[in-house]
Every structure is written in structure tokens, then in C-alpha cells.
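Next up, entry-v2.cif (mmCIF, C-alpha atoms (C1' of nucleotides) and all ligand atoms):
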```
data_query
#
loop_
_atom_site.label_atom_id
_atom_site.label_comp_id
_atom_site.auth_asym_id
_atom_site.auth_seq_id
_atom_site.Cartn_x
_atom_site.Cartn_y
_atom_site.Cartn_z
CA MET A 1 53.61 -0.40 -81.76
CA LYS A 2 52.82 -3.74 -83.24
CA GLN A 3 49.88 -4.02 -80.87
CA LYS A 4 48.51 -0.72 -82.03
CA THR A 5 48.84 -1.69 -85.67
CA MET A 6 46.98 -4.94 -85.17
CA HIS A 7 44.34 -3.10 -83.20
CA LYS A 8 43.88 -0.67 -86.01
CA ASN A 9 43.70 -3.45 -88.53
CA PHE A 10 40.96 -5.31 -86.72
CA LEU A 11 38.88 -2.17 -86.34
CA GLN A 12 39.41 -1.40 -90.01
CA LYS A 13 38.41 -4.92 -90.93
CA ALA A 14 35.28 -4.62 -88.79
CA GLU A 15 34.35 -1.41 -90.60
CA ASP A 16 34.93 -3.01 -93.97
CA LEU A 17 32.77 -5.98 -93.08
CA LEU A 18 29.91 -3.74 -91.98
CA THR A 19 30.22 -1.65 -95.12
CA SER A 20 30.17 -4.75 -97.30
CA CYS A 21 26.78 -5.64 -95.81
CA GLN A 22 25.42 -2.09 -95.85
CA LEU A 23 25.06 -2.14 -92.08
CA ARG A 24 25.40 1.02 -90.01
CA LYS A 25 28.80 1.37 -88.42
CA THR A 26 27.67 1.85 -84.84
CA HIS A 27 29.95 1.74 -81.84
CA PRO A 28 28.55 -1.53 -80.42
CA ARG A 29 28.83 -3.32 -83.74
CA LEU A 30 32.39 -2.22 -84.30
CA GLU A 31 33.46 -3.23 -80.80
CA ILE A 32 31.73 -6.60 -80.93
CA LEU A 33 33.09 -7.46 -84.35
CA ARG A 34 36.56 -6.36 -83.34
CA ALA A 35 36.44 -8.48 -80.19
CA LEU A 36 35.56 -11.49 -82.31
CA LEU A 37 38.19 -10.78 -84.95
CA GLN A 38 40.90 -10.29 -82.33
CA THR A 39 40.53 -13.73 -80.75
CA ASN A 40 41.12 -17.14 -82.19
CA CYS A 41 38.47 -19.08 -80.30
CA PRO A 42 34.67 -18.77 -80.12
CA LEU A 43 33.29 -16.40 -77.48
CA THR A 44 30.08 -16.17 -75.45
CA GLN A 45 28.16 -12.94 -74.97
CA GLU A 46 29.73 -12.62 -71.54
CA GLN A 47 33.26 -13.11 -72.85
CA ILE A 48 32.66 -10.52 -75.54
CA ALA A 49 31.49 -8.03 -72.90
CA GLU A 50 34.57 -8.77 -70.75
CA ARG A 51 36.93 -8.16 -73.62
CA ILE A 52 35.32 -4.88 -74.57
CA GLY A 53 35.53 -3.84 -70.93
CA SER A 54 33.80 -0.95 -69.26
CA ARG A 55 32.58 0.51 -72.53
CA SER A 56 30.77 -2.70 -73.38
CA PRO A 57 27.25 -2.44 -74.74
CA ASP A 58 24.30 -3.93 -72.86
CA LYS A 59 23.93 -7.69 -73.16
CA THR A 60 20.68 -7.20 -75.08
CA THR A 61 22.57 -5.21 -77.66
CA ILE A 62 25.29 -7.82 -77.85
CA TYR A 63 22.79 -10.59 -78.54
CA ARG A 64 20.86 -8.49 -81.03
CA THR A 65 24.03 -7.45 -82.78
CA LEU A 66 25.21 -11.06 -83.00
CA MET A 67 21.86 -12.02 -84.53
CA THR A 68 22.20 -9.26 -87.11
CA LEU A 69 25.76 -10.27 -87.92
CA MET A 70 24.68 -13.90 -88.27
CA GLN A 71 21.89 -12.93 -90.65
CA HIS A 72 24.50 -11.23 -92.81
CA ASN A 73 26.87 -14.20 -92.54
CA LEU A 74 29.58 -12.18 -90.82
CA VAL A 75 29.34 -14.31 -87.68
CA HIS A 76 28.20 -17.82 -86.89
CA GLN A 77 27.78 -20.10 -83.90
CA ALA A 78 29.97 -22.91 -82.71
CA TYR A 79 28.27 -25.75 -80.87
CA LEU A 80 30.39 -26.56 -77.86
CA LYS A 81 29.81 -28.10 -74.49
CA GLY A 82 27.73 -26.27 -71.94
CA ARG A 83 24.61 -24.21 -72.15
CA ALA A 84 26.06 -20.97 -73.47
CA ARG A 85 26.13 -20.02 -77.14
CA TYR A 86 29.52 -19.41 -78.70
CA PHE A 87 30.13 -17.01 -81.56
CA GLU A 88 33.00 -16.48 -83.96
CA PRO A 89 33.62 -14.68 -87.23
CA ALA A 90 32.34 -16.56 -90.24
CA GLY A 91 34.77 -16.55 -93.12
CA ARG A 92 37.26 -18.81 -91.45
CA CYS A 93 35.35 -21.79 -92.79
CA ARG A 94 34.47 -23.36 -96.09
CA ALA A 95 30.91 -23.02 -97.31
CA ASP A 96 30.16 -26.69 -96.78
CA GLN A 97 31.96 -27.18 -93.49
CA CYS A 98 33.07 -25.19 -90.49
CA HIS A 99 36.57 -25.64 -89.18
CA PRO A 100 36.67 -28.27 -86.41
CA HIS A 101 36.70 -27.26 -82.74
CA PHE A 102 38.84 -29.06 -80.21
CA THR A 103 37.96 -28.90 -76.52
CA CYS A 104 40.43 -30.20 -73.95
CA THR A 105 38.65 -32.45 -71.46
CA SER A 106 41.11 -31.47 -68.76
CA CYS A 107 41.51 -27.69 -68.89
CA GLY A 108 38.32 -27.01 -70.83
CA LYS A 109 39.92 -24.67 -73.36
CA THR A 110 38.61 -24.70 -76.91
CA HIS A 111 40.85 -24.31 -79.95
CA CYS A 112 39.90 -23.67 -83.55
CA PHE A 113 41.56 -26.03 -86.00
CA TYR A 114 41.43 -23.69 -88.99
CA ASP A 115 43.44 -25.89 -91.30
CA ALA A 116 41.98 -29.26 -90.41
CA GLU A 117 39.64 -30.75 -92.93
CA ILE A 118 36.65 -33.05 -92.53
CA PRO A 119 36.76 -35.79 -95.16
CA ALA A 120 33.45 -36.74 -96.74
CA VAL A 121 31.37 -38.93 -94.43
CA ARG A 122 30.64 -42.44 -95.67
CA ASN A 123 27.29 -44.22 -95.52
CA ILE A 124 24.97 -41.23 -95.39
CA PRO A 125 21.45 -42.73 -95.59
CA ALA A 126 19.66 -42.27 -98.90
CA GLY A 127 17.37 -39.29 -99.34
CA PHE A 128 19.24 -36.82 -97.17
CA LEU A 129 20.90 -33.80 -98.73
CA VAL A 130 23.81 -32.73 -96.56
CA ARG A 131 24.70 -29.08 -97.01
CA HIS A 132 26.92 -28.29 -94.06
CA SER A 133 28.97 -30.09 -91.41
CA GLN A 134 30.58 -29.21 -88.11
CA LEU A 135 33.00 -31.34 -86.13
CA ARG A 136 33.59 -31.26 -82.39
CA LEU A 137 36.77 -32.92 -81.15
CA GLU A 138 37.69 -33.80 -77.60
CA GLY A 139 40.96 -34.86 -76.06
CA LEU A 140 43.99 -33.46 -74.33
CA CYS A 141 45.89 -30.33 -75.28
CA ALA A 142 49.68 -30.26 -75.20
CA ASN A 143 49.82 -28.67 -71.73
CA CYS A 144 47.46 -31.20 -70.20
CA GLN A 145 49.31 -34.17 -71.69
CA ASN A 146 52.55 -33.04 -70.09
CA ASP A 147 51.11 -32.08 -66.74
CA SER A 148 50.67 -35.42 -64.96
CA ALA A 149 48.17 -33.90 -62.54
CA CYS A 150 45.81 -33.26 -65.43
CA GLN A 151 43.58 -36.21 -66.16
CA PRO A 152 40.50 -36.22 -68.37
CA ASP A 153 37.44 -35.41 -66.36
CA PRO A 154 34.64 -37.84 -67.34
CA ASP A 155 31.72 -35.76 -66.09
CA ASN A 156 32.21 -32.23 -67.18
CA SER A 157 29.17 -31.43 -69.27
CA MET B 158 1.24 -58.02 -79.55
CA LYS B 159 4.35 -56.95 -81.30
CA GLN B 160 4.08 -53.59 -79.50
CA LYS B 161 3.85 -55.33 -76.18
CA THR B 162 6.83 -57.52 -76.94
CA MET B 163 8.98 -54.58 -77.93
CA HIS B 164 7.80 -52.73 -74.86
CA LYS B 165 8.82 -55.64 -72.67
CA ASN B 166 12.17 -55.86 -74.40
CA PHE B 167 13.08 -52.23 -73.82
CA LEU B 168 12.11 -52.45 -70.17
CA GLN B 169 14.15 -55.63 -69.85
CA LYS B 170 17.10 -53.97 -71.52
CA ALA B 171 16.80 -51.01 -69.16
CA GLU B 172 16.87 -53.36 -66.17
CA ASP B 173 19.87 -55.18 -67.54
CA LEU B 174 21.75 -51.94 -68.08
CA LEU B 175 21.07 -50.79 -64.53
CA THR B 176 22.12 -54.17 -63.15
CA SER B 177 25.34 -54.09 -65.14
CA CYS B 178 26.25 -50.83 -63.40
CA GLN B 179 25.05 -51.93 -59.95
CA LEU B 180 22.49 -49.13 -59.92
CA ARG B 181 19.20 -49.45 -58.06
CA LYS B 182 16.34 -50.32 -60.36
CA THR B 183 14.00 -47.52 -59.42
CA HIS B 184 10.83 -46.59 -61.26
CA PRO B 185 12.15 -43.25 -62.60
CA ARG B 186 15.38 -44.78 -63.88
CA LEU B 187 13.60 -47.59 -65.66
CA GLU B 188 11.11 -45.25 -67.30
CA ILE B 189 13.75 -42.74 -68.39
CA LEU B 190 16.05 -45.37 -69.81
CA ARG B 191 13.16 -47.06 -71.57
CA ALA B 192 12.06 -43.77 -73.11
CA LEU B 193 15.55 -43.24 -74.47
CA LEU B 194 15.92 -46.81 -75.75
CA GLN B 195 12.52 -46.68 -77.47
CA THR B 196 13.32 -43.70 -79.67
CA ASN B 197 15.87 -43.25 -82.38
CA CYS B 198 16.72 -39.61 -81.90
CA PRO B 199 18.14 -37.64 -78.99
CA LEU B 200 15.61 -36.29 -76.48
CA THR B 201 15.47 -33.32 -74.10
CA GLN B 202 14.32 -33.58 -70.51
CA GLU B 203 10.96 -32.22 -71.58
CA GLN B 204 10.58 -34.74 -74.39
CA ILE B 205 11.44 -37.56 -72.04
CA ALA B 206 8.77 -36.36 -69.61
CA GLU B 207 6.21 -36.14 -72.44
CA ARG B 208 6.91 -39.67 -73.56
CA ILE B 209 6.62 -41.12 -70.09
CA GLY B 210 3.34 -39.26 -69.71
CA SER B 211 1.39 -38.63 -66.54
CA ARG B 212 3.55 -40.96 -64.48
CA SER B 213 6.66 -38.97 -65.36
CA PRO B 214 9.11 -38.17 -62.59
CA ASP B 215 9.86 -34.59 -61.60
CA LYS B 216 12.21 -32.72 -63.93
CA THR B 217 14.80 -32.57 -61.15
CA THR B 218 14.77 -36.34 -61.00
CA ILE B 219 15.03 -36.61 -64.76
CA TYR B 220 18.11 -34.38 -64.83
CA ARG B 221 19.71 -36.13 -61.86
CA THR B 222 19.00 -39.53 -63.36
CA LEU B 223 20.50 -38.48 -66.68
CA MET B 224 23.64 -37.30 -64.86
CA THR B 225 23.90 -40.63 -63.07
CA LEU B 226 23.41 -42.56 -66.30
CA MET B 227 26.05 -40.41 -68.01
CA GLN B 228 28.53 -41.07 -65.23
CA HIS B 229 28.04 -44.78 -65.83
CA ASN B 230 28.30 -44.36 -69.59
CA LEU B 231 24.80 -45.61 -70.24
CA VAL B 232 23.73 -42.28 -71.69
CA HIS B 233 25.49 -39.38 -73.35
CA GLN B 234 24.69 -35.97 -74.75
CA ALA B 235 24.28 -34.88 -78.33
CA TYR B 236 25.20 -31.28 -79.14
CA LEU B 237 22.48 -29.92 -81.35
CA LYS B 238 21.08 -26.52 -82.14
CA GLY B 239 19.21 -24.61 -79.51
CA ARG B 240 19.65 -24.14 -75.82
CA ALA B 241 18.31 -27.46 -74.58
CA ARG B 242 20.47 -30.46 -73.82
CA TYR B 243 19.77 -33.63 -75.77
CA PHE B 244 20.33 -37.13 -74.43
CA GLU B 245 20.48 -40.55 -76.02
CA PRO B 246 21.65 -44.01 -75.04
CA ALA B 247 25.38 -44.50 -75.28
CA GLY B 248 26.33 -47.78 -76.91
CA ARG B 249 25.16 -46.80 -80.34
CA CYS B 250 28.56 -45.24 -80.99
CA ARG B 251 32.17 -46.27 -81.29
CA ALA B 252 34.49 -45.39 -78.45
CA ASP B 253 36.35 -42.77 -80.45
CA GLN B 254 33.41 -41.23 -82.27
CA CYS B 255 29.71 -40.72 -81.81
CA HIS B 256 27.40 -41.43 -84.70
CA PRO B 257 26.71 -38.25 -86.71
CA HIS B 258 23.52 -36.26 -86.20
CA PHE B 259 21.67 -34.72 -89.09
CA THR B 260 19.31 -31.80 -88.53
CA CYS B 261 17.01 -30.67 -91.32
CA THR B 262 17.21 -26.89 -91.70
CA SER B 263 13.65 -26.80 -92.94
CA CYS B 264 11.58 -28.98 -90.62
CA GLY B 265 14.07 -29.00 -87.74
CA LYS B 266 13.93 -32.75 -87.17
CA THR B 267 17.10 -34.50 -86.08
CA HIS B 268 18.09 -37.96 -87.28
CA CYS B 269 20.80 -40.29 -85.99
CA PHE B 270 23.04 -41.68 -88.71
CA TYR B 271 24.03 -44.83 -86.87
CA ASP B 272 25.93 -46.37 -89.75
CA ALA B 273 27.73 -43.30 -91.07
CA GLU B 274 31.39 -43.10 -90.31
CA ILE B 275 33.71 -40.14 -89.82
CA PRO B 276 37.02 -40.72 -91.60
CA ALA B 277 40.10 -39.51 -89.75
CA VAL B 278 40.49 -35.75 -89.88
CA ARG B 279 43.56 -34.45 -91.69
CA ASN B 280 45.87 -31.69 -90.54
CA ILE B 281 45.28 -31.88 -86.80
CA PRO B 282 47.80 -29.41 -85.29
CA ALA B 283 50.77 -30.99 -83.55
CA GLY B 284 50.57 -31.61 -79.82
CA PHE B 285 46.86 -32.31 -79.56
CA LEU B 286 45.66 -35.76 -78.56
CA VAL B 287 42.21 -36.32 -80.03
CA ARG B 288 40.21 -38.92 -78.16
CA HIS B 289 36.68 -38.42 -79.35
CA SER B 290 34.78 -36.77 -82.18
CA GLN B 291 31.21 -35.77 -82.89
CA LEU B 292 29.79 -34.61 -86.19
CA ARG B 293 26.77 -32.37 -86.73
CA LEU B 294 25.31 -32.35 -90.22
CA GLU B 295 22.77 -29.94 -91.65
CA GLY B 296 20.75 -30.08 -94.80
CA LEU B 297 17.38 -31.15 -96.13
CA CYS B 298 15.58 -34.36 -95.27
CA ALA B 299 13.77 -36.32 -97.97
CA ASN B 300 10.38 -34.78 -97.14
CA CYS B 301 11.64 -31.23 -97.25
CA GLN B 302 13.42 -31.72 -100.57
CA ASN B 303 10.20 -32.88 -102.19
CA ASP B 304 7.95 -30.29 -100.64
CA SER B 305 8.56 -27.17 -102.71
CA ALA B 306 7.16 -24.95 -99.95
CA CYS B 307 9.98 -26.04 -97.67
CA GLN B 308 13.04 -23.93 -98.08
CA PRO B 309 16.08 -23.85 -95.81
CA ASP B 310 15.64 -21.29 -93.08
CA PRO B 311 18.89 -19.32 -92.69
CA ASP B 312 18.18 -17.98 -89.23
CA ASN B 313 16.88 -20.74 -87.08
CA SER B 314 19.38 -20.99 -84.27
"C1'" DA C 315 20.29 21.56 -90.16
"C1'" DA C 316 16.25 18.67 -90.08
"C1'" DG C 317 14.11 14.38 -90.96
"C1'" DT C 318 13.82 9.43 -90.92
"C1'" DA C 319 14.67 4.87 -90.24
"C1'" DG C 320 17.35 1.87 -87.94
"C1'" DT C 321 19.65 1.01 -83.20
"C1'" DT C 322 20.29 1.01 -78.26
"C1'" DG C 323 19.58 0.53 -73.08
"C1'" DC C 324 16.72 -0.59 -69.50
"C1'" DA C 325 13.47 -3.31 -66.98
"C1'" DA C 326 10.72 -7.05 -66.91
"C1'" DC C 327 10.20 -11.61 -68.44
"C1'" DT C 328 10.93 -16.57 -70.01
"C1'" DA C 329 13.26 -21.02 -70.53
"C1'" DA C 330 16.43 -24.42 -69.01
"C1'" DG C 331 18.77 -26.26 -65.48
"C1'" DT C 332 20.50 -26.57 -60.35
"C1'" DT C 333 20.49 -26.85 -55.20
"C1'" DG C 334 18.97 -27.91 -50.37
"C1'" DC C 335 16.42 -30.64 -47.76
"C1'" DA C 336 12.82 -33.48 -45.72
"C1'" DA C 337 10.25 -37.58 -46.98
"C1'" DG C 338 10.27 -42.03 -49.33
"C1'" DA C 339 11.91 -46.44 -51.42
"C1'" DA C 340 15.62 -50.22 -52.51
"C1'" DA C 341 18.61 -53.21 -50.92
"C1'" DA C 342 21.07 -55.16 -46.93
"C1'" DA C 343 21.11 -56.90 -42.30
"C1'" DC C 344 18.95 -59.23 -38.93
"C1'" DG D 345 9.34 -60.55 -42.77
"C1'" DT D 346 10.78 -56.75 -40.09
"C1'" DT D 347 14.25 -53.40 -39.13
"C1'" DT D 348 18.06 -50.69 -40.54
"C1'" DT D 349 20.83 -48.37 -43.67
"C1'" DT D 350 21.74 -46.03 -47.66
"C1'" DC D 351 20.43 -44.19 -51.75
"C1'" DT D 352 16.76 -41.73 -54.36
"C1'" DT D 353 12.92 -38.62 -55.05
"C1'" DG D 354 9.79 -34.45 -55.12
"C1'" DC D 355 9.11 -29.94 -53.99
"C1'" DA D 356 10.22 -25.11 -53.64
"C1'" DA D 357 13.39 -21.76 -54.27
"C1'" DC D 358 17.10 -20.23 -56.98
"C1'" DT D 359 20.44 -19.39 -60.90
"C1'" DT D 360 21.94 -18.75 -65.55
"C1'" DA D 361 21.33 -17.66 -70.32
"C1'" DG D 362 18.73 -15.46 -73.37
"C1'" DT D 363 14.34 -12.64 -75.06
"C1'" DT D 364 10.76 -8.94 -75.51
"C1'" DG D 365 8.56 -4.28 -75.36
"C1'" DC D 366 9.28 0.24 -75.55
"C1'" DA D 367 10.95 4.92 -75.12
"C1'" DA D 368 15.15 7.42 -76.07
"C1'" DC D 369 18.76 7.90 -79.21
"C1'" DT D 370 22.00 8.17 -83.36
"C1'" DA D 371 23.74 7.12 -88.05
"C1'" DC D 372 22.79 8.15 -92.36
"C1'" DT D 373 19.92 10.80 -95.93
"C1'" DT D 374 18.16 15.00 -97.94
ZN ZN E 401 44.11 -28.79 -71.65
ZN ZN E 402 36.41 -21.74 -84.46
ZN ZN E 403 12.97 -31.71 -93.07
ZN ZN E 404 22.05 -40.07 -82.08
#
```

Represent the structure of the file as C-alpha cells.
Amino acid sequence: MKQKTMHKNFLQKAEDLLTSCQLRKTHPRLEILRALLQTNCPLTQEQIAERIGSRSPDKTTIYRTLMTLMQHNLVHQAYLKGRARYFEPAGRCRADQCHPHFTCTSCGKTHCFYDAEIPAVRNIPAGFLVRHSQLRLEGLCANCQNDSACQPDPDNS
Amino acid sequence: MKQKTMHKNFLQKAEDLLTSCQLRKTHPRLEILRALLQTNCPLTQEQIAERIGSRSPDKTTIYRTLMTLMQHNLVHQAYLKGRARYFEPAGRCRADQCHPHFTCTSCGKTHCFYDAEIPAVRNIPAGFLVRHSQLRLEGLCANCQNDSACQPDPDNS
DNA sequence: AAGTAGTTGCAACTAAGTTGCAAGAAAAAC
DNA sequence: GTTTTTCTTGCAACTTAGTTGCAACTACTT
């Protein structure tokens, strides 16, 4: 029951977001947006496809849809380790700064710190106009601190 | 003269760094380290090869050398826009935080803010042990603020 | 219901990075 | 200073992540 309600809500929210940007409410867009809204960490194209499952759109469509959603500021990228691009809903950040992302060096999981705040940076060189900032944090998550077998891995890139 | 002196110094520094890690002082390692030490912004494999010029090692060697240098903490990665990996000498950062990187949204150039400092982040969720932080800044560089033709480009990824 | 403009899937392609392995070069041993 | 050992390199082939062109399709408009 509760599941179904949440499900409905995310789909409804996806529709509302598309409407607000005057974008067509196509099946791929609704599914992709819903997948992003349902999770609380940034996802790659492949992870989005996995979560949608067998009805997932082609990867080309996923990338093109993400580009469209980024152009309309419904989605943005997080810059994490590794070569893949990570996407998440915009609108969980302030205009001048994204929420920080924490990646555990032991288990590799990334968490969004929605409520953490980046204080103003000191000693910005003269002449630069800073408009936006993003913070990447690394360390150990609660699980990996407790589990003695988990030690930070110095060469995971 | 001054050029030659600086040149000599960077090569000497590269040798010293390799010695300090008990790594063999091979031609590719010296050239790659020197290329990184000579510049003041992070470089991709391709940019390193360009700067070394015709005597540049194979790209496989460049990547493998960078991995080796990272394992010995002589080099680390910067996480910037785009798909390529960027490398720079370690040792221009504090242990708990890298120096911030500023990327101009208009011209795309990246600058290292060696002296800027990230104040402690507030509201880190309980249970997480933060060991390291990296800050990415975006905005307009001095040139692009003055040049009226330069406007921030919302969709350069 | 028909028209139109925007969207999708497929196949082929590109860019960035990795792997296996034989040949080559540093350092160590003699 | 030559030999031996061990580490390092270059090449070719491969993988992964993302992009492009284009014909078929579908959401919205009239
Ligand atoms: Zn962990
Ligand atoms: Zn996030
Ligand atoms: Zn600029
Ligand atoms: Zn830097």
C-alpha cells in the first residue's frame, strides 16, 4: 500500500516536472525521471536502465533524455570517481551550491548529504567570479567503520 | 637562461621524487613527472603527451606510470567536467583536502586555487567519517567577465 | 481524424582507458 | 664491466562509456 502510494507520487511528480517545462510526457521521460526521483543517490545511465527493468528505453534515449532534462534544469550531474557520468534530480540543491556527495573509500557507495552546507571558501584569487560550487567528500561510512575487515583502499580510482 | 634553470629544476625535482619512493628513474617517468610539475593546472593523458612532444611515451605507458605515481602519492586525480581523467602532482594539497579547482563556464579553462581553503562543512550526517574533501568551483574567469561576447554556457558538460 | 513537430530505437561510430605479452632497460650481483 | 635479475615499455587488440545519423514513430495540435 505505502509502496504503491509512493510510486504514484513519484510518477505524478515526474509528470508535473515535465509539464512545468512544457516537455512532452513520453514514456521514456516519465520512467527516467521517476527512477531518479525514487532514489537518493546519483545514478549512471546503466543504473537507470536496471531500475526501469525490461521496459527500459534504449541507452541512446536515456542519454538524450538526460541531456534534455539537464537543459531544462530538472536534472544535473554529480562528479564522482570513475569514468561514468552520474545524474540526479536538480532541485535538491541551492542555486549557488550542490549538496555534497560522500563516497566511502571502502565499500564505494555514494551518499547525498542534502542538509550539509559548504561555507564560503576563503582566499579566492582576485578576478574570479564564482557562481557555483560542488563538494566531494571521501571517508568511511558507518558500516565500514564497524566492520574491521573494511579498510580504506588507497588505489580505487 | 632562466628557462633552462627552471627546466633543470623540475627535472631534478622529478628525480628526487622518484628516489624518495625507491622507483626506477626511467625516461618516461621523468618526462611525465616533469610535465606535471611544470604546469599549474591538471592535465589529461593526451595533454601530457602533447607537452612531452615527439619523444612522448606510449599512452599505455603514460596511464601505467600515472597509476604507479598515484600509488606512491606523488600524483593524484582532479575530478573535473568531461569524461577524461585529470592528473596533477600531489603535494600541493593538505592531507585532508585538495586545493579547489575553478573551471570557467565560458572559456572552459581550469585553474588551481592553491591558497584557497575549504572551511569545515556543517551538518555532516552522524556516523560518517570524512577523511578527505575536494571542491569544484564554476564561474567566470577575469577574461570572460570583461569580454562581453563571453556568456556562461549552460550546457557544456 | 489528419497533420506536424518533436521523440525514439537501431546500428554504426568515436573517445578514453585497459590488458596480455614479447622485447627492452635499470639496478643488482658477480 | 659483464652478466643476471627484475622491473618497465610499446604494440596490438580489446573494453567501456558515450555519440551520431536516420528512418520509423507518437504526443500534441487543429
Ligand atoms: Zn562503506
Ligand atoms: Zn546527490
Ligand atoms: Zn574564462
Ligand atoms: Zn589543482

Spatial neighbours of DA337 in chain C, max dist 12 Å, all atoms listed in the file, sep filter under 5 positions, as a ChimeraX atom specification: /D:352-355

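Atom pair CA of Gly82 in chain A / CA of Asp115 in chain A: separated by 24.9 Å.
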
Using all atoms listed in the file, which protein or nucleic acid residues come within 8 Å of range 330-335 of chain C? Drop anything in the same chain fewer than 2 positions from it, and give the result as a ChimeraX atom specification. /B:240-241 /D:358-359

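Reported to one decimal place, the separation of CA of Tyr114 in chain A from CA of Met70 in chain A is 19.4 Å.
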
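When only C-alpha atoms (C1' of nucleotides) are used to compute distances to chain C, the closest of the residues A:Ala116, A:Ala90, A:Ala142, A:Ile62 turns out to be A:Ile62.
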
Quick one: which residues from chain A are at most 7 Å off chain B, using all atoms listed in the file, as a PyMOL selection string? chain A and resi 71+79+83+113+115-119+121-124+127-142+155

The selected residues should be written to file as a CSV table (one decimal), in the frame of the given file (atoms: C-alpha atoms).
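File written: again-v3.csv
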```csv
chain,number,residue,atom,x,y,z
A,71,GLN,CA,21.9,-12.9,-90.6
A,79,TYR,CA,28.3,-25.8,-80.9
A,83,ARG,CA,24.6,-24.2,-72.2
A,113,PHE,CA,41.6,-26.0,-86.0
A,115,ASP,CA,43.4,-25.9,-91.3
A,116,ALA,CA,42.0,-29.3,-90.4
A,117,GLU,CA,39.6,-30.8,-92.9
A,118,ILE,CA,36.6,-33.0,-92.5
A,119,PRO,CA,36.8,-35.8,-95.2
A,121,VAL,CA,31.4,-38.9,-94.4
A,122,ARG,CA,30.6,-42.4,-95.7
A,123,ASN,CA,27.3,-44.2,-95.5
A,124,ILE,CA,25.0,-41.2,-95.4
A,127,GLY,CA,17.4,-39.3,-99.3
A,128,PHE,CA,19.2,-36.8,-97.2
A,129,LEU,CA,20.9,-33.8,-98.7
A,130,VAL,CA,23.8,-32.7,-96.6
A,131,ARG,CA,24.7,-29.1,-97.0
A,132,HIS,CA,26.9,-28.3,-94.1
A,133,SER,CA,29.0,-30.1,-91.4
A,134,GLN,CA,30.6,-29.2,-88.1
A,135,LEU,CA,33.0,-31.3,-86.1
A,136,ARG,CA,33.6,-31.3,-82.4
A,137,LEU,CA,36.8,-32.9,-81.2
A,138,GLU,CA,37.7,-33.8,-77.6
A,139,GLY,CA,41.0,-34.9,-76.1
A,140,LEU,CA,44.0,-33.5,-74.3
A,141,CYS,CA,45.9,-30.3,-75.3
A,142,ALA,CA,49.7,-30.3,-75.2
A,155,ASP,CA,31.7,-35.8,-66.1
```

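Separating CA of Pro28 in chain A from CA of Pro57 in chain A is a distance of 5.9 Å.
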
Selection near range 364-368 of chain D, 12 Å with only C-alpha atoms (C1' of nucleotides), sequence-local residues under 4 positions removed, as an MDAnalysis selection string: (chainID A and resid 60 64) or (chainID C and resid 321:328)

Counting all atoms listed in the file, what is within 8 Å of Leu193 in chain B, bar same-chain residues fewer than 6 positions away, as a list of chain:residue names? B:Pro199, B:Leu200, B:Ile205, B:Phe244, B:Glu245, B:Pro246

For chain C, the closest of A:Thr110, A:Gln47, A:Asn146, A:Ser56 counting all atoms listed in the file is A:Ser56

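The residue set within 10 Å of DA371 in chain D, counting all atoms listed in the file and dropping same-chain residues fewer than 4 places from it, reads Arg24, Lys25 and Thr26 of chain A; DA319, DG320 and DT321 of chain C.
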
Please define a box with edges along x, y and z of the file around all atoms of range 107-113 of chain A given in the file, extend it by 6 Å on each side, and return its centre and edge lengths in Å to one decimal, as lines of an AutoDock Vina configuration file.
```
center_x = 39.9
center_y = -25.7
center_z = -77.4
size_x = 15.2
size_y = 16.0
size_z = 29.1
```

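With all atoms listed in the file taken into account, every residue lying no more than 12 Å from the file point (19.9, 20.6, -91.3) is included here: DA315, DA316 and DG317 of chain C; DT373 and DT374 of chain D.
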
Which residue of A:Arg94, A:Val75, A:Lys59, A:Asn40 approaches ligand ZN 402 (chain E) most closely, using all atoms listed in the file: A:Asn40

When you count all atoms listed in the file, which of these residues is closest to chain C: A:Leu11, A:Leu17, A:Leu23, A:Ala49? A:Leu23
